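Written out below as C-alpha cells is the structure these notes cover.
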Amino acid sequence: MGERAVDYAAVFQALPGAAALVTPQLIVADANAEFLRLRGLPRERVIGTFIPEDHPENDSAEPLLLRVLASLRRAAATGERSVVALQRYDREDPDQPGVWHERYFNVTNIPVFGADGRVTLLLQRLEDVTELIRAREVALALQKAMLPAPRPVGRHPAAVRYRPAAEALNVAGDWYDLVDLPGDRIAVAVGDVVGHGLSAAGVMGQLRSALTAASLVPEGPARALEVLGLYARTVDGAENTTVATAFIDWENDTITYSSAGHPPPALLQRDGSVEFLDQATDPPLAARPQHGPRTQAVAAFREGAVLVLYTDGLIERRGEDIDTGLARLAGSLVRHRADDPEALADAVLADLLPPGDATDDTALVIVRL
C-alpha cells in the first residue's frame with residue numbers, strides 16, 4: 001500500500017483537548033471545536049482576531065489576558081514551552097446574559113518551528129480544571145472539619161498548622177492532634193496516611209480519632225501506637241501510615257515518645273541545641289506481616305524548651321537527603337527560638353516552605369514546654 005497523506009487539519013479539529021494556533025504577532029490562525037466551546041465564542045469571533053481584542057470585559061479576564069500575552073511572547077522569543085497554570089477566567093452564561101460563572105484554566109503555549117528553525121506558530125492548549133478545583137475545595141473542607149480546631153491544651157502554649165501542597169489538586173492524609181491527659185500532661189501526635197484525595201482524608205479521620213482514644217490508656221505512647229496499629233489492620237488504606245506521638249509530662253519534665261516510621265520530633269532546648277528524638281522508631285502501621293509490640297523512649301527537658309512534631313512535607317525535597325531537611329529545620333528553630341509558638345510556627349513554614357514551593361502536604365505542631 002502506498003503511503004497515505006495525513007489530513008492534519010482534520011486531526012487538529014478532532015483533538016479532544018482545546019487547542020488554537022496563534023501567530024507570533026498574536027493573531028489567532030485556527031482553533032478547534034473544543035477550544036471554541038471552552039471560550040464560548042463562535043468561530044468568526046475568534047479566527048483572525050488579535051488576541052487582546054477577543055476577550056470579554058469581566059473582573060477575571062484582564063489579569064489572565066496579561067499573563068497569557070506574556071507567556072505567548074516568551075514562547076515566541078525563546079522557542080520554549082511556556083505554562084500559565086491555574087488561572088481564573090469567568091464565562092458568561094449563554095442563557096442568562098450578565099450572569100458569570102467562575103472557571104479555572106491551565107494554559108500552555110508551545111512553539112511550532114518552520115523549516116528555517118524559526119517560530120512560525122504557537123500552539124495554545126487550554127485545560128479546564130474547574131471541577132478539579134471544586135473537588136479540592138470539598139476535600140480541604142472535609143479535612144479541615146476532621147482536624148481539631150486550635151485551642152489551649154492544659155496551661156501550655158501551642159500552635160498548629162496545616163498547609164496543602166502547592167502542586168496537588170487533592171489533599172493528603174496528614175493530621176495532627178493534642179489531647180489532655182490526667183495530671184499536668186498532654187499527648188501530641190502527627191500522622192501521614194499514604195495517598196491523596198477524599199479516601200486518604202477519610203482514613204486520616206478514622207486513625208486520628210482512634211489514636212485520640214488510645215492515648216488515654218495509661219501505659220504510654222508505645223501502647224497507644226500498638227492499639228492504633230491493630231485498628232489500622234481493619235481499615236482499607238491505613239497500611240503504611242506513619243505516626244509520631246509524644247506524651248509530655250510537666251511534673252517530671254520528661255517527654256515519652258514513640259514513632260511508627262515517622263520523621264523524628266525535634267526538641268529545641270533553651271541553650272539553642274536541637275535534639276531529634278529518634279531512639280524509638282518502628283515500622284509504619286500495619287507494615288509488618290505480624291502485629292508486634294512497639295518501643296518508646298524518654299527525653300528530659302527544661303522549662304522554656306520547644307517540642308516540634310511535623311509531617312515529611314516540611315523537610316523532604318526531591319533529590320535531597322533527609323538529613324539536609326532536618327538540618328534546615330534545626331537552623332530555623334535556633335534562629336527563631338525566642339518566638340512564641342504562633343510566631344515560631346509561621347517562621348518555620350516561611351523558612352522551609354516558600355510560597356508555591358510545597359510539594360507535599362504539611363502538618364506542624366509546636367509546644368512551648
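Here's how to read the names in the C-alpha cells: chain A, B, ... by the order shown, residue numbers from 1 in each chain, ligand numbers from 1 in the order shown.
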Report as an MDAnalysis selection string all protein, DNA and RNA residues lying within 8 Å of Asp174 of chain A, evaluated on only C-alpha atoms, omitting residues in the same chain fewer than 3 positions from it. chainID A and resid 190:193 201 204 311 361:363
Emit the selected residues as a PDB file, in the first residue's frame, including N, CA and C atoms.
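Contents of the output file selection_5.pdb:
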```pdb
ATOM      1  N   VAL A 190       1.317  13.554  65.325  1.00  0.00           N
ATOM      2  CA  VAL A 190       1.142  13.887  63.912  1.00  0.00           C
ATOM      3  C   VAL A 190       1.188  12.576  63.137  1.00  0.00           C
ATOM      4  N   GLY A 191       0.487  12.529  62.006  1.00  0.00           N
ATOM      5  CA  GLY A 191       0.471  11.318  61.201  1.00  0.00           C
ATOM      6  C   GLY A 191       0.312  11.637  59.740  1.00  0.00           C
ATOM      7  N   ASP A 192       0.593  10.633  58.892  1.00  0.00           N
ATOM      8  CA  ASP A 192       0.563  10.827  57.446  1.00  0.00           C
ATOM      9  C   ASP A 192       0.078   9.536  56.791  1.00  0.00           C
ATOM     10  N   VAL A 193      -1.126   9.589  56.229  1.00  0.00           N
ATOM     11  CA  VAL A 193      -1.694   8.455  55.504  1.00  0.00           C
ATOM     12  C   VAL A 193      -1.159   8.469  54.078  1.00  0.00           C
ATOM     13  N   ALA A 201      -8.201  11.294  53.113  1.00  0.00           N
ATOM     14  CA  ALA A 201      -8.721  12.153  54.178  1.00  0.00           C
ATOM     15  C   ALA A 201      -9.664  11.382  55.091  1.00  0.00           C
ATOM     16  N   MET A 204      -7.579   9.194  57.308  1.00  0.00           N
ATOM     17  CA  MET A 204      -6.957  10.071  58.306  1.00  0.00           C
ATOM     18  C   MET A 204      -7.902  10.350  59.464  1.00  0.00           C
ATOM     19  N   THR A 311       5.015  16.598  59.707  1.00  0.00           N
ATOM     20  CA  THR A 311       4.988  15.545  58.702  1.00  0.00           C
ATOM     21  C   THR A 311       6.092  15.787  57.679  1.00  0.00           C
ATOM     22  N   ASP A 361       1.759  17.812  51.320  1.00  0.00           N
ATOM     23  CA  ASP A 361       1.042  18.428  52.430  1.00  0.00           C
ATOM     24  C   ASP A 361       1.916  18.426  53.681  1.00  0.00           C
ATOM     25  N   THR A 362       1.645  19.374  54.569  1.00  0.00           N
ATOM     26  CA  THR A 362       2.448  19.510  55.783  1.00  0.00           C
ATOM     27  C   THR A 362       1.547  19.794  56.982  1.00  0.00           C
ATOM     28  N   ALA A 363       1.756  19.020  58.047  1.00  0.00           N
ATOM     29  CA  ALA A 363       1.142  19.311  59.351  1.00  0.00           C
ATOM     30  C   ALA A 363       2.255  19.631  60.328  1.00  0.00           C
TER      31      ALA A 363
END
```
With only C-alpha atoms as the atoms that count, which of A:Val107, A:Ala70, A:Val99, A:Leu326 lies nearest to Glu275 of chain A?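 Using only C-alpha atoms, the shortest distance to Glu275 of chain A belongs to A:Leu326.
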Got a sec: who's within 8 Å of Ala159 of chain A, counting only C-alpha atoms, leaving out chain neighbours fewer than 6 positions off, as an mmCIF file with all heavy atoms, in the first residue's frame?
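For reference, part-v7.cif as written:
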```cif
data_model
loop_
_atom_site.group_PDB
_atom_site.id
_atom_site.type_symbol
_atom_site.label_atom_id
_atom_site.label_comp_id
_atom_site.auth_asym_id
_atom_site.auth_seq_id
_atom_site.Cartn_x
_atom_site.Cartn_y
_atom_site.Cartn_z
ATOM 1 N N PRO A 150 -7.703 24.841 66.593
ATOM 2 C CA PRO A 150 -6.679 25.319 67.539
ATOM 3 C C PRO A 150 -7.330 25.715 68.865
ATOM 4 O O PRO A 150 -8.345 26.409 68.892
ATOM 5 C CB PRO A 150 -6.104 26.540 66.823
ATOM 6 C CG PRO A 150 -6.384 26.310 65.376
ATOM 7 C CD PRO A 150 -7.698 25.592 65.329
ATOM 8 N N PRO A 341 4.990 30.242 70.297
ATOM 9 C CA PRO A 341 4.669 29.160 69.362
ATOM 10 C C PRO A 341 3.993 29.611 68.071
ATOM 11 O O PRO A 341 4.306 29.091 66.992
ATOM 12 C CB PRO A 341 3.757 28.248 70.186
ATOM 13 C CG PRO A 341 4.245 28.432 71.588
ATOM 14 C CD PRO A 341 4.590 29.889 71.681
ATOM 15 N N GLU A 342 3.067 30.565 68.143
ATOM 16 C CA GLU A 342 2.388 31.014 66.929
ATOM 17 C C GLU A 342 3.368 31.652 65.954
ATOM 18 O O GLU A 342 3.381 31.348 64.755
ATOM 19 C CB GLU A 342 1.261 31.991 67.277
ATOM 20 C CG GLU A 342 0.106 31.375 68.036
ATOM 21 C CD GLU A 342 -0.717 30.425 67.166
ATOM 22 O OE1 GLU A 342 -0.634 30.526 65.920
ATOM 23 O OE2 GLU A 342 -1.432 29.587 67.731
ATOM 24 N N ALA A 345 5.798 29.003 64.561
ATOM 25 C CA ALA A 345 5.200 28.168 63.520
ATOM 26 C C ALA A 345 5.209 28.887 62.175
ATOM 27 O O ALA A 345 5.555 28.310 61.138
ATOM 28 C CB ALA A 345 3.774 27.777 63.908
ATOM 29 N N VAL A 365 3.048 20.904 64.559
ATOM 30 C CA VAL A 365 2.615 21.209 65.927
ATOM 31 C C VAL A 365 3.845 21.703 66.711
ATOM 32 O O VAL A 365 4.901 21.067 66.676
ATOM 33 C CB VAL A 365 2.041 19.980 66.654
ATOM 34 C CG1 VAL A 365 1.603 20.351 68.065
ATOM 35 C CG2 VAL A 365 0.874 19.392 65.873
ATOM 36 N N ILE A 366 3.681 22.827 67.398
ATOM 37 C CA ILE A 366 4.771 23.393 68.209
ATOM 38 C C ILE A 366 4.228 23.646 69.609
ATOM 39 O O ILE A 366 3.193 24.299 69.780
ATOM 40 C CB ILE A 366 5.310 24.688 67.605
ATOM 41 C CG1 ILE A 366 5.995 24.402 66.257
ATOM 42 C CG2 ILE A 366 6.268 25.396 68.559
ATOM 43 C CD1 ILE A 366 6.552 25.613 65.567
ATOM 44 N N VAL A 367 4.928 23.111 70.621
ATOM 45 C CA VAL A 367 4.522 23.263 72.010
ATOM 46 C C VAL A 367 5.682 23.873 72.791
ATOM 47 O O VAL A 367 6.800 23.359 72.755
ATOM 48 C CB VAL A 367 4.137 21.916 72.640
ATOM 49 C CG1 VAL A 367 3.655 22.123 74.082
ATOM 50 C CG2 VAL A 367 3.059 21.205 71.813
#
```
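Nearest to Arg317 of chain A of all the residues A:Arg294, A:Leu352, A:Ala305, A:Glu34 is A:Leu352, based on only C-alpha atoms.
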Run DSSP on the backbone of this structure and report the residues of segment 190-252 of chain A it assigns to alpha helix (DSSP H), as a list in words.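 Secondary structure check on segment 190-252 of chain A, alpha helix (DSSP H): Leu198, Ser199, Ala200, Ala201, Gly202, Val203, Met204, Gly205, Gln206, Leu207, Arg208, Ser209, Ala210, Leu211, Thr212, Ala213, Ala214, Pro221, Ala222, Arg223, Ala224, Leu225, Glu226, Val227, Leu228, Gly229, Leu230, Tyr231 and Ala232 of chain A.
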If we count only C-alpha atoms, what is near Val68 of chain A at a cut-off of 10 Å, once residues fewer than 4 positions away on the same chain are taken out, given as a list of chain:residue names? A:Ile51, A:Pro52, A:Glu62, A:Pro63, A:Leu64, A:Leu72, A:Arg73, A:Arg74, A:Ser82, A:Val83, A:Val84, A:Gln87, A:Val107, A:Thr108, A:Asn109, A:Gln124
Once you have the residues from the selection above, write them out as a short mmCIF file (atom, residue, chain, number, x, y, z; two decimals), in the first residue's frame, restricted to N, CA and C atoms.
```cif
data_model
loop_
_atom_site.label_atom_id
_atom_site.label_comp_id
_atom_site.auth_asym_id
_atom_site.auth_seq_id
_atom_site.Cartn_x
_atom_site.Cartn_y
_atom_site.Cartn_z
N ILE A 51 -5.45 38.79 19.71
CA ILE A 51 -5.89 38.18 20.97
C ILE A 51 -6.45 39.18 21.98
N PRO A 52 -5.80 40.33 22.23
CA PRO A 52 -6.38 41.23 23.24
C PRO A 52 -7.78 41.74 22.90
N GLU A 62 -8.90 40.39 32.57
CA GLU A 62 -7.69 41.19 32.34
C GLU A 62 -6.43 40.59 32.96
N PRO A 63 -6.43 40.15 34.23
CA PRO A 63 -5.21 39.54 34.77
C PRO A 63 -4.77 38.32 33.98
N LEU A 64 -5.73 37.46 33.58
CA LEU A 64 -5.38 36.28 32.80
C LEU A 64 -4.84 36.68 31.44
N LEU A 72 2.79 33.92 25.71
CA LEU A 72 2.92 33.77 24.26
C LEU A 72 4.18 34.45 23.75
N ARG A 73 4.42 35.65 24.20
CA ARG A 73 5.63 36.38 23.75
C ARG A 73 6.89 35.66 24.22
N ARG A 74 6.85 35.11 25.42
CA ARG A 74 8.02 34.40 25.92
C ARG A 74 8.28 33.15 25.09
N SER A 82 5.83 27.47 27.37
CA SER A 82 5.53 28.36 28.50
C SER A 82 4.15 28.01 29.04
N VAL A 83 4.06 27.89 30.37
CA VAL A 83 2.82 27.46 31.03
C VAL A 83 2.30 28.58 31.92
N VAL A 84 1.00 28.82 31.82
CA VAL A 84 0.30 29.72 32.74
C VAL A 84 -0.68 28.84 33.52
N GLN A 87 -5.34 29.53 36.27
CA GLN A 87 -5.79 30.90 36.15
C GLN A 87 -7.32 30.96 36.10
N VAL A 107 -3.13 27.09 30.97
CA VAL A 107 -2.84 27.48 29.59
C VAL A 107 -1.39 27.12 29.28
N THR A 108 -1.18 26.38 28.18
CA THR A 108 0.17 26.01 27.75
C THR A 108 0.40 26.53 26.34
N ASN A 109 1.49 27.25 26.13
CA ASN A 109 1.86 27.79 24.83
C ASN A 109 3.11 27.08 24.33
N GLN A 124 -1.55 26.88 21.30
CA GLN A 124 -2.08 27.21 22.63
C GLN A 124 -3.08 26.15 23.05
#
```
If we count only C-alpha atoms and set the cut-off at 12 Å, which residues sit around Val243 of chain A, ignoring sequence neighbours fewer than 4 positions away in its own chain? Please answer as JSON, numbers by chain. {"A": [173, 174, 175, 176, 177, 188, 189, 190, 191, 192, 193, 194, 204, 207, 208, 211, 221, 222, 224, 225, 226, 228, 229, 232, 238, 239, 257, 258, 259, 260, 261, 262, 263, 264, 265, 280, 281, 282, 283, 284, 285, 286, 309, 310, 311, 312, 363]}
So which residues touch segment 14-25 of chain A within 6 Å, counting only C-alpha atoms, skipping near sequence neighbours fewer than 3 positions away, as a list in words?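 So the residues in contact are Val11, Val28, Ala29, Asp30, Ala31, Asn32, Glu34, Phe35, Ala76, Leu121, Leu122, Leu123, Gln124, Arg125 and Leu126 of chain A.
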Atoms to include: N, CA, C and O atoms. Write the selected residues as a tab-separated table (two decimals), in the first residue's frame.
```tsv
chain	number	residue	atom	x	y	z
A	11	VAL	N	-7.20	16.21	11.90
A	11	VAL	CA	-6.70	15.75	13.19
A	11	VAL	C	-6.80	16.86	14.23
A	11	VAL	O	-7.24	16.65	15.36
A	28	VAL	N	-4.96	34.93	16.02
A	28	VAL	CA	-5.43	33.55	16.07
A	28	VAL	C	-5.61	33.05	14.65
A	28	VAL	O	-6.45	33.56	13.88
A	29	ALA	N	-4.82	32.02	14.27
A	29	ALA	CA	-4.87	31.48	12.91
A	29	ALA	C	-5.88	30.36	12.77
A	29	ALA	O	-6.47	30.18	11.70
A	30	ASP	N	-6.10	29.60	13.83
A	30	ASP	CA	-7.05	28.49	13.77
A	30	ASP	C	-7.39	28.08	15.21
A	30	ASP	O	-6.65	28.37	16.16
A	31	ALA	N	-8.50	27.40	15.36
A	31	ALA	CA	-8.92	26.89	16.67
A	31	ALA	C	-9.81	25.69	16.45
A	31	ALA	O	-10.60	25.66	15.50
A	32	ASN	N	-9.68	24.69	17.31
A	32	ASN	CA	-10.54	23.51	17.14
A	32	ASN	C	-11.86	23.70	17.88
A	32	ASN	O	-12.07	24.69	18.60
A	34	GLU	N	-13.23	22.19	20.41
A	34	GLU	CA	-13.21	22.21	21.86
A	34	GLU	C	-12.73	23.55	22.39
A	34	GLU	O	-13.23	24.04	23.42
A	35	PHE	N	-11.78	24.17	21.71
A	35	PHE	CA	-11.29	25.49	22.10
A	35	PHE	C	-12.44	26.50	22.02
A	35	PHE	O	-12.64	27.31	22.94
A	76	ALA	N	7.41	32.64	21.98
A	76	ALA	CA	7.87	33.06	20.64
A	76	ALA	C	9.32	33.51	20.67
A	76	ALA	O	10.08	33.24	19.74
A	121	LEU	N	4.50	29.49	14.45
A	121	LEU	CA	3.19	29.46	15.11
A	121	LEU	C	3.37	29.10	16.57
A	121	LEU	O	4.42	28.58	16.98
A	122	LEU	N	2.34	29.36	17.33
A	122	LEU	CA	2.30	28.95	18.73
A	122	LEU	C	1.04	28.13	18.94
A	122	LEU	O	-0.07	28.59	18.62
A	123	LEU	N	1.21	26.89	19.42
A	123	LEU	CA	0.07	26.05	19.74
A	123	LEU	C	-0.35	26.34	21.17
A	123	LEU	O	0.40	26.12	22.11
A	124	GLN	N	-1.55	26.88	21.30
A	124	GLN	CA	-2.08	27.21	22.63
A	124	GLN	C	-3.08	26.15	23.05
A	124	GLN	O	-4.06	25.89	22.35
A	125	ARG	N	-2.83	25.54	24.21
A	125	ARG	CA	-3.70	24.49	24.73
A	125	ARG	C	-4.38	24.96	26.01
A	125	ARG	O	-3.70	25.43	26.93
A	126	LEU	N	-5.69	24.85	26.07
A	126	LEU	CA	-6.46	25.22	27.26
A	126	LEU	C	-6.93	23.95	27.96
A	126	LEU	O	-7.40	23.02	27.31
```
Work out how far apart atom CA of Leu329 of chain A and atom CA of Thr242 of chain A are and give it in Å to one decimal.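 Separation of atom CA of Leu329 of chain A and atom CA of Thr242 of chain A: 19.4 Å.
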Between A:Glu80, A:Leu267, A:Pro289, A:Ser273, which one has atoms that come closest to Arg368 of chain A, using only C-alpha atoms?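 The shortest atom-to-atom distance to Arg368 of chain A comes from A:Leu267.
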Shell around Gly331 of chain A at 10 Å using only C-alpha atoms, local window under 5 positions removed, as a ChimeraX atom specification: /A:272-274,325-326,336-337,348,351
Go ahead and dump the residues you just picked, all heavy atoms, as a compact mmCIF listing (two decimals), in the first residue's frame.
```txt
# COMPACT_ATOMS: atom_id res chain seq x y z
N GLY A 272 19.70 26.52 72.90
CA GLY A 272 19.79 26.62 71.45
C GLY A 272 20.16 25.32 70.76
O GLY A 272 20.21 25.27 69.53
N SER A 273 20.41 24.27 71.51
CA SER A 273 20.70 22.98 70.89
C SER A 273 19.40 22.31 70.45
O SER A 273 18.35 22.51 71.06
CB SER A 273 21.46 22.08 71.86
OG SER A 273 20.66 21.81 73.02
N VAL A 274 19.49 21.52 69.39
CA VAL A 274 18.32 20.81 68.86
C VAL A 274 18.62 19.32 68.86
O VAL A 274 19.63 18.87 68.32
CB VAL A 274 17.98 21.27 67.44
CG1 VAL A 274 16.81 20.45 66.88
CG2 VAL A 274 17.63 22.76 67.42
N GLY A 325 17.21 18.25 55.10
CA GLY A 325 15.96 18.86 55.55
C GLY A 325 15.90 19.00 57.06
O GLY A 325 15.40 20.01 57.59
N LEU A 326 16.41 18.00 57.78
CA LEU A 326 16.43 18.09 59.24
C LEU A 326 17.34 19.23 59.70
O LEU A 326 17.01 19.96 60.65
CB LEU A 326 16.90 16.76 59.83
CG LEU A 326 15.95 15.58 59.65
CD1 LEU A 326 16.59 14.29 60.16
CD2 LEU A 326 14.62 15.82 60.37
N HIS A 336 14.83 31.32 65.45
CA HIS A 336 13.60 31.93 65.93
C HIS A 336 13.21 31.41 67.31
O HIS A 336 12.03 31.47 67.69
CB HIS A 336 12.46 31.65 64.94
CG HIS A 336 12.75 32.07 63.54
ND1 HIS A 336 12.82 33.39 63.14
CD2 HIS A 336 13.05 31.33 62.43
CE1 HIS A 336 13.10 33.45 61.85
NE2 HIS A 336 13.25 32.22 61.39
N ARG A 337 14.18 30.92 68.08
CA ARG A 337 13.86 30.23 69.33
C ARG A 337 13.22 31.13 70.38
O ARG A 337 12.54 30.65 71.29
CB ARG A 337 15.11 29.59 69.93
CG ARG A 337 16.25 30.54 70.30
CD ARG A 337 17.43 29.74 70.82
NE ARG A 337 18.57 30.55 71.19
CZ ARG A 337 19.52 30.94 70.35
NH1 ARG A 337 19.45 30.59 69.08
NH2 ARG A 337 20.53 31.68 70.76
N VAL A 348 8.88 29.05 60.84
CA VAL A 348 9.37 27.77 60.32
C VAL A 348 8.78 27.48 58.94
O VAL A 348 9.49 27.07 58.01
CB VAL A 348 9.03 26.63 61.31
CG1 VAL A 348 9.24 25.27 60.66
CG2 VAL A 348 9.89 26.75 62.56
N ASP A 351 10.44 29.71 56.40
CA ASP A 351 11.81 29.30 56.10
C ASP A 351 11.87 28.04 55.25
O ASP A 351 12.70 27.92 54.34
CB ASP A 351 12.60 29.06 57.39
CG ASP A 351 12.97 30.35 58.11
OD1 ASP A 351 12.79 31.43 57.52
OD2 ASP A 351 13.44 30.26 59.26
```
